[in-house]
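Visitor: Contents of structure.pdb (PDB, C-alpha atoms and all ligand atoms):
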```
ATOM      1  CA  MET Y   1     -39.163   4.000   1.575
ATOM      2  CA  ILE Y   2     -35.887   4.323  -0.372
ATOM      3  CA  ASN Y   3     -34.547   7.859  -0.846
ATOM      4  CA  LYS Y   4     -31.017   7.050  -1.928
ATOM      5  CA  VAL Y   5     -29.269   3.936  -3.222
ATOM      6  CA  VAL Y   6     -25.554   3.686  -2.417
ATOM      7  CA  LEU Y   7     -23.326   1.028  -3.972
ATOM      8  CA  VAL Y   8     -19.948   0.282  -2.370
ATOM      9  CA  THR Y   9     -17.520  -2.118  -4.031
ATOM     10  CA  GLY Y  10     -15.221  -4.099  -1.724
ATOM     11  CA  ALA Y  11     -17.529  -3.269   1.161
ATOM     12  CA  ASN Y  12     -16.895  -6.360   3.260
ATOM     13  CA  SER Y  13     -13.867  -5.031   5.164
ATOM     14  CA  GLY Y  14     -11.550  -2.112   5.865
ATOM     15  CA  ILE Y  15     -12.371   1.334   4.534
ATOM     16  CA  GLY Y  16     -15.412   0.182   2.503
ATOM     17  CA  LEU Y  17     -17.050  -1.351   5.569
ATOM     18  CA  ALA Y  18     -16.140   1.675   7.720
ATOM     19  CA  LEU Y  19     -17.784   3.915   5.104
ATOM     20  CA  CYS Y  20     -20.990   1.821   5.290
ATOM     21  CA  GLU Y  21     -20.978   2.061   9.096
ATOM     22  CA  ARG Y  22     -20.468   5.810   8.973
ATOM     23  CA  LEU Y  23     -23.241   6.338   6.419
ATOM     24  CA  LEU Y  24     -25.707   4.258   8.447
ATOM     25  CA  GLY Y  25     -24.754   6.165  11.595
ATOM     26  CA  SER Y  26     -25.183   9.579   9.930
ATOM     27  CA  GLN Y  27     -28.177  11.883   9.949
ATOM     28  CA  ASP Y  28     -28.762  11.029   6.267
ATOM     29  CA  ALA Y  29     -29.299   7.345   7.070
ATOM     30  CA  GLU Y  30     -33.074   7.410   6.796
ATOM     31  CA  GLY Y  31     -34.236   5.984   3.475
ATOM     32  CA  LEU Y  32     -30.704   4.904   2.585
ATOM     33  CA  HIS Y  33     -30.319   1.615   0.756
ATOM     34  CA  LEU Y  34     -26.780   0.238   0.913
ATOM     35  CA  CYS Y  35     -25.748  -2.319  -1.678
ATOM     36  CA  LEU Y  36     -22.484  -4.101  -0.823
ATOM     37  CA  ALA Y  37     -20.805  -5.272  -4.051
ATOM     38  CA  CYS Y  38     -18.352  -7.983  -3.051
ATOM     39  CA  ARG Y  39     -16.404 -10.836  -4.559
ATOM     40  CA  ASN Y  40     -16.382 -12.955  -1.387
ATOM     41  CA  MET Y  41     -20.027 -13.545  -0.478
ATOM     42  CA  ARG Y  42     -19.228 -15.270   2.819
ATOM     43  CA  ARG Y  43     -17.472 -12.130   4.046
ATOM     44  CA  ALA Y  44     -20.201 -10.006   2.473
ATOM     45  CA  HIS Y  45     -22.875 -11.804   4.553
ATOM     46  CA  ALA Y  46     -20.746 -11.314   7.687
ATOM     47  CA  ALA Y  47     -20.395  -7.582   6.910
ATOM     48  CA  ARG Y  48     -24.161  -7.251   6.330
ATOM     49  CA  SER Y  49     -24.894  -9.001   9.654
ATOM     50  CA  ALA Y  50     -22.463  -6.688  11.466
ATOM     51  CA  LEU Y  51     -24.092  -3.599   9.926
ATOM     52  CA  LEU Y  52     -27.601  -4.826  10.747
ATOM     53  CA  GLY Y  53     -26.465  -5.707  14.273
ATOM     54  CA  ALA Y  54     -25.676  -2.031  14.874
ATOM     55  CA  HIS Y  55     -28.488  -0.645  12.681
ATOM     56  CA  PRO Y  56     -31.376  -3.177  12.715
ATOM     57  CA  ALA Y  57     -33.691  -0.998  10.597
ATOM     58  CA  ALA Y  58     -31.107  -0.424   7.852
ATOM     59  CA  GLN Y  59     -31.657  -1.583   4.290
ATOM     60  CA  VAL Y  60     -28.552  -3.510   3.253
ATOM     61  CA  THR Y  61     -28.409  -5.854   0.271
ATOM     62  CA  LEU Y  62     -25.578  -7.782  -1.358
ATOM     63  CA  LEU Y  63     -24.408  -8.053  -4.932
ATOM     64  CA  GLN Y  64     -21.757 -10.429  -6.209
ATOM     65  CA  MET Y  65     -19.094  -8.529  -8.111
ATOM     66  CA  ASP Y  66     -15.493  -9.493  -8.731
ATOM     67  CA  THR Y  67     -13.939  -6.322 -10.120
ATOM     68  CA  SER Y  68     -10.981  -8.281 -11.535
ATOM     69  CA  SER Y  69     -13.317 -10.174 -13.878
ATOM     70  CA  ILE Y  70     -14.884  -8.487 -16.902
ATOM     71  CA  SER Y  71     -17.796 -10.962 -17.077
ATOM     72  CA  SER Y  72     -18.509 -10.609 -13.339
ATOM     73  CA  VAL Y  73     -18.632  -6.797 -13.557
ATOM     74  CA  LEU Y  74     -20.855  -6.802 -16.640
ATOM     75  CA  SER Y  75     -23.330  -9.274 -15.147
ATOM     76  CA  ALA Y  76     -23.348  -7.335 -11.844
ATOM     77  CA  ALA Y  77     -24.114  -4.162 -13.833
ATOM     78  CA  ARG Y  78     -27.065  -5.899 -15.538
ATOM     79  CA  GLU Y  79     -28.292  -7.157 -12.155
ATOM     80  CA  LEU Y  80     -28.118  -3.594 -10.795
ATOM     81  CA  GLN Y  81     -30.297  -2.322 -13.645
ATOM     82  CA  LEU Y  82     -32.885  -4.985 -12.849
ATOM     83  CA  ARG Y  83     -32.846  -4.355  -9.094
ATOM     84  CA  PHE Y  84     -32.794  -0.583  -8.849
ATOM     85  CA  ASN Y  85     -34.355   2.180 -10.845
ATOM     86  CA  ARG Y  86     -31.904   4.624  -9.299
ATOM     87  CA  LEU Y  87     -28.304   4.644  -8.167
ATOM     88  CA  ASP Y  88     -27.338   7.800  -6.296
ATOM     89  CA  TYR Y  89     -23.788   7.100  -5.107
ATOM     90  CA  VAL Y  90     -21.234   4.567  -6.302
ATOM     91  CA  TYR Y  91     -18.047   4.112  -4.261
ATOM     92  CA  LEU Y  92     -15.342   2.391  -6.318
ATOM     93  CA  ASN Y  93     -13.446   1.119  -3.310
ATOM     94  CA  ALA Y  94     -12.437  -2.498  -4.058
ATOM     95  CA  GLY Y  95      -8.692  -2.836  -4.397
ATOM     96  CA  ILE Y  96      -5.691  -5.049  -3.836
ATOM     97  CA  MET Y  97      -1.975  -4.785  -3.201
ATOM     98  CA  PRO Y  98      -0.805  -8.337  -4.011
ATOM     99  CA  ASN Y  99       2.270  -9.849  -2.342
ATOM    100  CA  PRO Y 100       3.515  -6.549  -0.948
ATOM    101  CA  GLN Y 101       7.202  -6.463  -0.064
ATOM    102  CA  PHE Y 102       8.731  -4.095   2.450
ATOM    103  CA  ASP Y 103      12.227  -2.973   1.432
ATOM    104  CA  LEU Y 104      14.030  -2.645   4.779
ATOM    105  CA  LYS Y 105      17.233  -1.285   3.180
ATOM    106  CA  ALA Y 106      15.330   1.431   1.300
ATOM    107  CA  PHE Y 107      13.485   2.231   4.548
ATOM    108  CA  PHE Y 108      16.720   2.870   6.493
ATOM    109  CA  ARG Y 109      18.201   4.823   3.553
ATOM    110  CA  GLY Y 110      15.021   6.948   3.431
ATOM    111  CA  LEU Y 111      15.031   7.438   7.197
ATOM    112  CA  PHE Y 112      18.250   9.450   6.979
ATOM    113  CA  SER Y 113      17.420  11.332   3.773
ATOM    114  CA  SER Y 114      15.571  14.566   3.008
ATOM    115  CA  SER Y 115      12.602  12.564   1.612
ATOM    116  CA  VAL Y 116      11.839  10.912   4.952
ATOM    117  CA  ILE Y 117       8.420  12.577   5.318
ATOM    118  CA  THR Y 118       7.399  11.739   1.732
ATOM    119  CA  MET Y 119       8.490   8.169   2.409
ATOM    120  CA  PHE Y 120       6.198   7.903   5.445
ATOM    121  CA  ALA Y 121       3.370   9.837   3.776
ATOM    122  CA  THR Y 122       3.254   7.797   0.563
ATOM    123  CA  GLY Y 123       5.282   4.620   1.126
ATOM    124  CA  GLU Y 124       7.219   5.634  -1.998
ATOM    125  CA  GLY Y 125      10.380   3.596  -2.511
ATOM    126  CA  ILE Y 126       9.800   1.180   0.376
ATOM    127  CA  LEU Y 127       6.837  -0.810  -0.903
ATOM    128  CA  THR Y 128       6.724  -3.048  -3.959
ATOM    129  CA  GLN Y 129       4.111  -5.565  -5.092
ATOM    130  CA  LYS Y 130       4.133  -8.611  -7.333
ATOM    131  CA  ASP Y 131       1.321  -8.346  -9.825
ATOM    132  CA  GLY Y 132      -0.277 -11.341 -11.570
ATOM    133  CA  VAL Y 133      -2.379 -11.697 -14.721
ATOM    134  CA  THR Y 134      -6.154 -12.329 -14.616
ATOM    135  CA  PRO Y 135      -7.930 -14.960 -16.779
ATOM    136  CA  ASP Y 136      -8.976 -11.986 -18.983
ATOM    137  CA  GLY Y 137      -5.284 -11.360 -19.681
ATOM    138  CA  LEU Y 138      -5.051  -8.098 -17.720
ATOM    139  CA  GLN Y 139      -2.642  -7.146 -14.946
ATOM    140  CA  GLU Y 140      -4.386  -8.041 -11.697
ATOM    141  CA  VAL Y 141      -4.024  -4.687  -9.940
ATOM    142  CA  PHE Y 142      -5.075  -2.737 -13.042
ATOM    143  CA  ALA Y 143      -8.119  -4.993 -13.548
ATOM    144  CA  THR Y 144      -9.230  -5.023  -9.893
ATOM    145  CA  ASN Y 145      -8.564  -1.473  -8.815
ATOM    146  CA  LEU Y 146      -9.206   0.402 -12.049
ATOM    147  CA  PHE Y 147     -10.553  -1.327 -15.144
ATOM    148  CA  GLY Y 148     -13.328  -3.334 -13.421
ATOM    149  CA  HIS Y 149     -14.661  -0.037 -12.094
ATOM    150  CA  PHE Y 150     -14.134   1.778 -15.405
ATOM    151  CA  LEU Y 151     -16.434  -0.805 -17.043
ATOM    152  CA  LEU Y 152     -19.308   0.558 -14.975
ATOM    153  CA  GLY Y 153     -19.125   3.637 -17.217
ATOM    154  CA  LEU Y 154     -18.988   6.335 -14.549
ATOM    155  CA  TYR Y 155     -17.136   9.589 -14.085
ATOM    156  CA  SER Y 156     -15.699   9.600 -10.613
ATOM    157  CA  SER Y 157     -13.780  11.725  -8.146
ATOM    158  CA  VAL Y 158     -10.480  10.475  -6.783
ATOM    159  CA  ILE Y 159      -9.822  10.120  -3.082
ATOM    160  CA  CYS Y 160      -6.842   9.003  -1.037
ATOM    161  CA  PRO Y 161      -7.611   7.416   2.354
ATOM    162  CA  GLY Y 162      -4.095   7.972   3.671
ATOM    163  CA  PHE Y 163      -2.206   5.158   5.386
ATOM    164  CA  VAL Y 164      -4.829   2.947   7.023
ATOM    165  CA  MET Y 165      -4.362  -0.247   9.036
ATOM    166  CA  THR Y 166      -6.512  -2.796   7.165
ATOM    167  CA  ASN Y 167      -6.069  -6.324   5.750
ATOM    168  CA  LEU Y 168      -4.304  -4.628   2.852
ATOM    169  CA  THR Y 169      -1.630  -2.951   4.986
ATOM    170  CA  TYR Y 170      -1.284  -5.828   7.473
ATOM    171  CA  GLY Y 171      -0.334  -7.866   4.380
ATOM    172  CA  ILE Y 172       2.883  -5.812   4.040
ATOM    173  CA  LEU Y 173       4.412  -7.737   6.948
ATOM    174  CA  PRO Y 174       2.366 -10.956   7.017
ATOM    175  CA  SER Y 175       4.608 -12.712   9.523
ATOM    176  CA  PHE Y 176       4.412  -9.791  11.946
ATOM    177  CA  PRO Y 177       2.282 -10.980  14.908
ATOM    178  CA  ALA Y 178      -0.789  -8.927  15.824
ATOM    179  CA  PHE Y 179       0.614  -7.954  19.258
ATOM    180  CA  LEU Y 180       3.678  -6.343  17.567
ATOM    181  CA  TRP Y 181       1.372  -4.202  15.433
ATOM    182  CA  THR Y 182      -0.383  -3.170  18.663
ATOM    183  CA  LEU Y 183       2.985  -2.273  20.191
ATOM    184  CA  LEU Y 184       3.859  -0.284  17.056
ATOM    185  CA  MET Y 185       0.629   1.741  17.095
ATOM    186  CA  PRO Y 186       1.869   4.520  19.462
ATOM    187  CA  LEU Y 187       4.844   5.016  17.128
ATOM    188  CA  LEU Y 188       2.536   5.212  14.099
ATOM    189  CA  TRP Y 189       0.379   7.755  15.934
ATOM    190  CA  LEU Y 190       3.518   9.732  16.712
ATOM    191  CA  ILE Y 191       4.353   9.923  12.993
ATOM    192  CA  ARG Y 192       1.193  12.034  12.642
ATOM    193  CA  VAL Y 193       3.192  14.901  14.114
ATOM    194  CA  PHE Y 194       5.074  14.959  10.787
ATOM    195  CA  THR Y 195       2.413  13.789   8.346
ATOM    196  CA  ASN Y 196      -1.361  14.018   8.574
ATOM    197  CA  THR Y 197      -1.706  11.225   5.963
ATOM    198  CA  PHE Y 198      -1.348   8.646   8.769
ATOM    199  CA  THR Y 199      -5.099   8.329   9.188
ATOM    200  CA  LEU Y 200      -4.553   4.784  10.534
ATOM    201  CA  THR Y 201      -8.143   3.718  11.297
ATOM    202  CA  PRO Y 202     -10.665   2.724   8.600
ATOM    203  CA  TYR Y 203     -13.047   5.257  10.204
ATOM    204  CA  ASN Y 204     -10.564   8.105   9.573
ATOM    205  CA  GLY Y 205      -9.613   6.706   6.157
ATOM    206  CA  ALA Y 206     -13.267   6.875   5.079
ATOM    207  CA  GLU Y 207     -13.420  10.618   5.911
ATOM    208  CA  ALA Y 208     -13.108  11.880   2.294
ATOM    209  CA  LEU Y 209     -15.696   9.314   1.140
ATOM    210  CA  VAL Y 210     -18.195  10.548   3.728
ATOM    211  CA  TRP Y 211     -17.339  14.149   2.830
ATOM    212  CA  LEU Y 212     -18.033  13.391  -0.869
ATOM    213  CA  PHE Y 213     -21.456  12.046   0.102
ATOM    214  CA  ASN Y 214     -22.450  15.582   1.074
ATOM    215  CA  GLN Y 215     -21.012  17.417  -1.943
ATOM    216  CA  LYS Y 216     -22.686  18.548  -5.144
ATOM    217  CA  PRO Y 217     -20.898  16.687  -7.999
ATOM    218  CA  GLU Y 218     -20.834  19.797 -10.217
ATOM    219  CA  ARG Y 219     -18.788  21.634  -7.576
ATOM    220  CA  LEU Y 220     -16.038  19.001  -7.456
ATOM    221  CA  ASP Y 221     -12.721  19.583  -9.178
ATOM    222  CA  PRO Y 222     -11.962  16.715 -11.633
ATOM    223  CA  ARG Y 223      -8.207  17.338 -11.330
ATOM    224  CA  ALA Y 224      -8.182  17.195  -7.545
ATOM    225  CA  LYS Y 225      -7.554  14.215  -5.335
ATOM    226  CA  TYR Y 226      -9.550  14.469  -2.132
ATOM    227  CA  HIS Y 227      -7.407  13.337   0.792
ATOM    228  CA  SER Y 228      -8.589  11.952   4.119
ATOM    229  CA  LEU Y 229      -6.250  13.495   6.680
ATOM    230  CA  THR Y 230      -6.002  13.247  10.462
ATOM    231  CA  SER Y 231      -4.428  15.841  12.750
ATOM    232  CA  VAL Y 232      -2.120  15.101  15.706
ATOM    233  CA  LEU Y 233      -5.125  15.453  18.002
ATOM    234  CA  GLY Y 234      -7.052  12.846  16.005
ATOM    235  CA  HIS Y 235      -9.351  15.253  14.134
ATOM    236  CA  SER Y 236     -10.228  13.955  10.648
ATOM    237  CA  TYR Y 237     -10.813  16.249   7.708
ATOM    238  CA  THR Y 238     -10.770  16.305   3.903
ATOM    239  CA  GLN Y 239      -8.423  18.363   1.770
ATOM    240  CA  PRO Y 240      -8.220  18.565  -2.047
ATOM    241  CA  ARG Y 241      -4.775  18.461  -3.655
ATOM    242  CA  GLN Y 242      -4.133  18.895  -7.366
ATOM    243  CA  MET Y 243      -3.111  15.670  -9.107
ATOM    244  CA  ASP Y 244       0.250  15.780 -10.792
ATOM    245  CA  VAL Y 245      -0.981  14.686 -14.224
ATOM    246  CA  ASP Y 246      -1.189  16.781 -17.402
ATOM    247  CA  LEU Y 247      -4.254  16.862 -19.635
ATOM    248  CA  ASP Y 248      -2.559  15.126 -22.611
ATOM    249  CA  THR Y 249      -1.487  12.164 -20.481
ATOM    250  CA  SER Y 250      -4.907  11.788 -18.866
ATOM    251  CA  GLN Y 251      -6.642  12.055 -22.264
ATOM    252  CA  ALA Y 252      -4.301   9.393 -23.722
ATOM    253  CA  LEU Y 253      -5.012   7.067 -20.775
ATOM    254  CA  TYR Y 254      -8.747   7.662 -21.085
ATOM    255  CA  ASP Y 255      -8.654   6.860 -24.838
ATOM    256  CA  LYS Y 256      -6.748   3.636 -24.138
ATOM    257  CA  LEU Y 257      -9.263   2.631 -21.477
ATOM    258  CA  LEU Y 258     -12.145   3.276 -23.890
ATOM    259  CA  ARG Y 259     -10.473   1.087 -26.538
ATOM    260  CA  LEU Y 260      -9.942  -1.691 -24.011
ATOM    261  CA  GLU Y 261     -13.542  -1.373 -22.839
ATOM    262  CA  ARG Y 262     -14.841  -1.720 -26.414
ATOM    263  CA  GLU Y 263     -12.701  -4.860 -26.850
ATOM    264  CA  ALA Y 264     -13.848  -6.292 -23.517
ATOM    265  CA  LYS Y 265     -17.517  -5.751 -24.343
ATOM    266  CA  ARG Y 266     -17.128  -7.369 -27.793
ATOM    267  CA  LYS Y 267     -15.908 -10.640 -26.234
ATOM    268  CA  PRO Y 268     -18.598 -13.224 -25.389
ATOM    269  CA  ILE Y 269     -19.405 -13.185 -21.701
ATOM    270  CA  ALA Y 270     -18.770 -16.430 -19.842
ATOM    271  CA  SER Y 271     -21.747 -17.353 -17.669
TER     272      SER Y 271
HETATM  273  N1  LIG S 301      -5.161   0.831   3.559
HETATM  274  C1  LIG S 301      -4.450   1.803   2.981
HETATM  275  O1  LIG S 301      -3.505   2.347   3.596
HETATM  276  C2  LIG S 301      -4.795   2.281   1.593
HETATM  277  C3  LIG S 301      -4.007   3.301   1.036
HETATM  278  C4  LIG S 301      -4.317   3.772  -0.238
HETATM  279  C5  LIG S 301      -5.392   3.213  -0.934
HETATM  280  N2  LIG S 301      -6.125   2.217  -0.369
HETATM  281  C6  LIG S 301      -7.246   1.683  -1.163
HETATM  282  O2  LIG S 301      -8.423   1.666  -0.372
HETATM  283  C7  LIG S 301      -9.305   0.637  -0.862
HETATM  284  C8  LIG S 301      -9.797  -0.193   0.317
HETATM  285  O3  LIG S 301      -8.707  -0.913   0.855
HETATM  286  P1  LIG S 301      -8.597  -1.320   2.389
HETATM  287  O4  LIG S 301      -7.378  -0.683   2.920
HETATM  288  O5  LIG S 301      -9.898  -1.105   3.081
HETATM  289  O6  LIG S 301      -8.229  -2.872   2.265
HETATM  290  P2  LIG S 301      -9.069  -4.199   2.572
HETATM  291  O7  LIG S 301      -9.549  -4.205   3.965
HETATM  292  O8  LIG S 301      -8.215  -5.295   2.076
HETATM  293  O9  LIG S 301     -10.331  -4.022   1.633
HETATM  294  C9  LIG S 301     -10.291  -4.239   0.264
HETATM  295  C10 LIG S 301     -11.664  -4.668  -0.181
HETATM  296  O10 LIG S 301     -11.615  -4.856  -1.599
HETATM  297  C11 LIG S 301     -12.192  -6.123  -1.880
HETATM  298  N3  LIG S 301     -11.679  -6.682  -3.111
HETATM  299  C12 LIG S 301     -10.410  -7.030  -3.422
HETATM  300  N4  LIG S 301     -10.361  -7.546  -4.646
HETATM  301  C13 LIG S 301     -11.628  -7.542  -5.117
HETATM  302  C14 LIG S 301     -12.223  -7.958  -6.325
HETATM  303  N5  LIG S 301     -11.513  -8.514  -7.304
HETATM  304  N6  LIG S 301     -13.560  -7.803  -6.483
HETATM  305  C15 LIG S 301     -14.307  -7.263  -5.490
HETATM  306  N7  LIG S 301     -13.812  -6.848  -4.320
HETATM  307  C16 LIG S 301     -12.478  -7.003  -4.133
HETATM  308  C17 LIG S 301     -11.837  -6.987  -0.692
HETATM  309  O11 LIG S 301     -12.716  -8.092  -0.664
HETATM  310  P3  LIG S 301     -12.270  -9.618  -0.426
HETATM  311  O12 LIG S 301     -12.756  -9.942   0.937
HETATM  312  O13 LIG S 301     -12.979 -10.377  -1.495
HETATM  313  O14 LIG S 301     -10.771  -9.675  -0.546
HETATM  314  C18 LIG S 301     -12.072  -6.011   0.441
HETATM  315  O15 LIG S 301     -13.424  -5.943   0.785
HETATM  316  C19 LIG S 301      -8.499  -0.170  -1.871
HETATM  317  O16 LIG S 301      -8.878   0.218  -3.179
HETATM  318  C20 LIG S 301      -7.064   0.237  -1.600
HETATM  319  O17 LIG S 301      -6.248   0.152  -2.754
HETATM  320  C21 LIG S 301      -5.856   1.747   0.887
END
```
Take the structure in the file and write it out as structure tokens.

Guide:
Amino acid sequence: MINKVVLVTGANSGIGLALCERLLGSQDAEGLHLCLACRNMRRAHAARSALLGAHPAAQVTLLQMDTSSISSVLSAARELQLRFNRLDYVYLNAGIMPNPQFDLKAFFRGLFSSSVITMFATGEGILTQKDGVTPDGLQEVFATNLFGHFLLGLYSSVICPGFVMTNLTYGILPSFPAFLWTLLMPLLWLIRVFTNTFTLTPYNGAEALVWLFNQKPERLDPRAKYHSLTSVLGHSYTQPRQMDVDLDTSQALYDKLLRLEREAKRKPIAS
């Protein structure tokens, strides 16, 4: 019997997959139906097999959804309506950071400045990315991380997983061999003494997502970002922090997104 249907976009690796594992391992797992919405179905099948390997009785299905493509999102949304008569939780997790570049000079400058902790906590100033344009004519990061999800027509809470070692972050230094990352790990753990945003593992990074699972939506603060944080001793917890955005700016962005959505939905959908 299905009690709750949970959809996770970008669920085939990293934080999305860790969230699925944590939900299936929780006391609320009974009657849970997990739907993994992924662009890469080969990896999606592998993720499903891994989840079922650990939780053989779990209900896990797959849905093809490329959040960077308007037509893919709209057809996935129609498919969802056909498949489920309920959708209890939707995790808008899919995201990219294309061609990330690590600015070594900025890193050393930051290391000896007063903003050293902010630099480690947010990556501000040391990370840049090279964005492309999708066949729909949108910036790739905007389309994948934001607009594809916006098209699903949901109000959502914002979370920040912290700095997590996943395919996304390993991509910052692609030529860095795996054993060097392993050697670096104790140093990264040490940085937790100064900033609890170094959650590092996908399990810890998924903390705020798991926390949200147990909250009543009406009690959530729409202007808060819910952060996954990890203490020096490795204890994970969730903390809300007010987002630094004023109401006029957020309303203007929302209006623009609605206009873009109307335009996108007017265009014929490629099959
Ligand atoms: N790791 C961090 O430190 C960090 C920090 C802040 C925010 N985040 C955010 O956390 C989320 C999860 O990232 P992660 O760190 O777990 O990285 P990850 O392991 O690379 O996972 C990203 C997931 O998104 C999927 N995805 C990418 N583009 C997609 C598309 N067009 N359509 C559907 N799925 C797509 C990927 O699937 P494919 O296999 O198809 O590529 C993958 O499953 C992202 O939104 C990211 O921006 C991460």

Visitor: Would you kindly return, as a list in words, each protein, DNA or RNA residue with an atom no farther than 10 Å from any atom of stretch 229-233 of chain Y, considering all atoms listed in the file and excluding same-chain residues fewer than 5 positions away?

Guide: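 My list of contacting residues is Cys160, Pro161, Gly162, Phe163, Trp189, Leu190, Ile191, Arg192, Val193, Phe194, Thr195, Asn196, Thr197, Phe198, Thr199, Leu200, Thr201, Asn204, Gly205, Ala206, Glu207, Ala208, Thr238 and Gln239 of chain Y.
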
Visitor: Grab me every residue within 9 Å of ligand LIG 301 (chain S), counting only C-alpha atoms and all ligand atoms, and send it over as a PyMOL selection string.

Guide: chain Y and resi 9-18+37-44+64-69+72-73+92-97+122+140-141+143-146+148+159-171+198-202+205-206

Visitor: Which is closest to Y:Asp244 among Y:Ala224, Y:Leu51, Y:Ile126, Y:Glu263, if we use all atoms listed in the file?

Guide: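 For Y:Asp244, the nearest of the candidates is Y:Ala224.
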
Visitor: Could you tell me how far atom CA of Y:Arg223 lies from atom CA of Y:Asp28, in Å and to one decimal?

Guide: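 Separating atom CA of Y:Arg223 from atom CA of Y:Asp28 is a distance of 27.8 Å.
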
Visitor: Mind pulling up the distance from atom CA of Y:Thr182 to atom CA of Y:Gly53?

Guide: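 Atom-to-atom, atom CA of Y:Gly53 and atom CA of Y:Thr182 are spaced 26.6 Å apart.
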
Visitor: As AutoDock Vina command-line options, please: the centre and edge lengths in Å, to one decimal, of an axis-aligned box enclosing every listed atom of stretch 231-250 of chain Y with 5 Å added on each side.

Guide:
```
--center_x -5.3 --center_y 15.3 --center_z -2.3 --size_x 21.1 --size_y 17.1 --size_z 50.6
```

Visitor: List as a list in words the residues having at least one atom at most 8 Å from position (-26.6, 5.1, -5.7) as given in the file, counting all atoms listed in the file.

Guide: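 Selection result: Lys4, Val5, Val6, Leu7, Arg86, Leu87, Asp88, Tyr89 and Val90 of chain Y.
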
Visitor: Can I get the selected residues back with C-alpha atoms, as a tab-separated table (two decimals), keeping the file's coordinate frame?

Guide:
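Now in part-v4.tsv:
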```tsv
chain	number	residue	atom	x	y	z
Y	4	LYS	CA	-31.02	7.05	-1.93
Y	5	VAL	CA	-29.27	3.94	-3.22
Y	6	VAL	CA	-25.55	3.69	-2.42
Y	7	LEU	CA	-23.33	1.03	-3.97
Y	86	ARG	CA	-31.90	4.62	-9.30
Y	87	LEU	CA	-28.30	4.64	-8.17
Y	88	ASP	CA	-27.34	7.80	-6.30
Y	89	TYR	CA	-23.79	7.10	-5.11
Y	90	VAL	CA	-21.23	4.57	-6.30
```

Visitor: Calculated over all atoms listed in the file, which of the candidates Y:His55, Y:Leu183, Y:Ser250, Y:Ser157 has the smallest distance to Y:Pro217?

Guide: Y:Ser157

Visitor: Report, in Å with one decimal, the straight-line distance from atom CA of Y:Glu124 to atom CA of Y:Pro177.

Guide: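 Result for atom CA of Y:Glu124 versus atom CA of Y:Pro177: 24.2 Å, one decimal.
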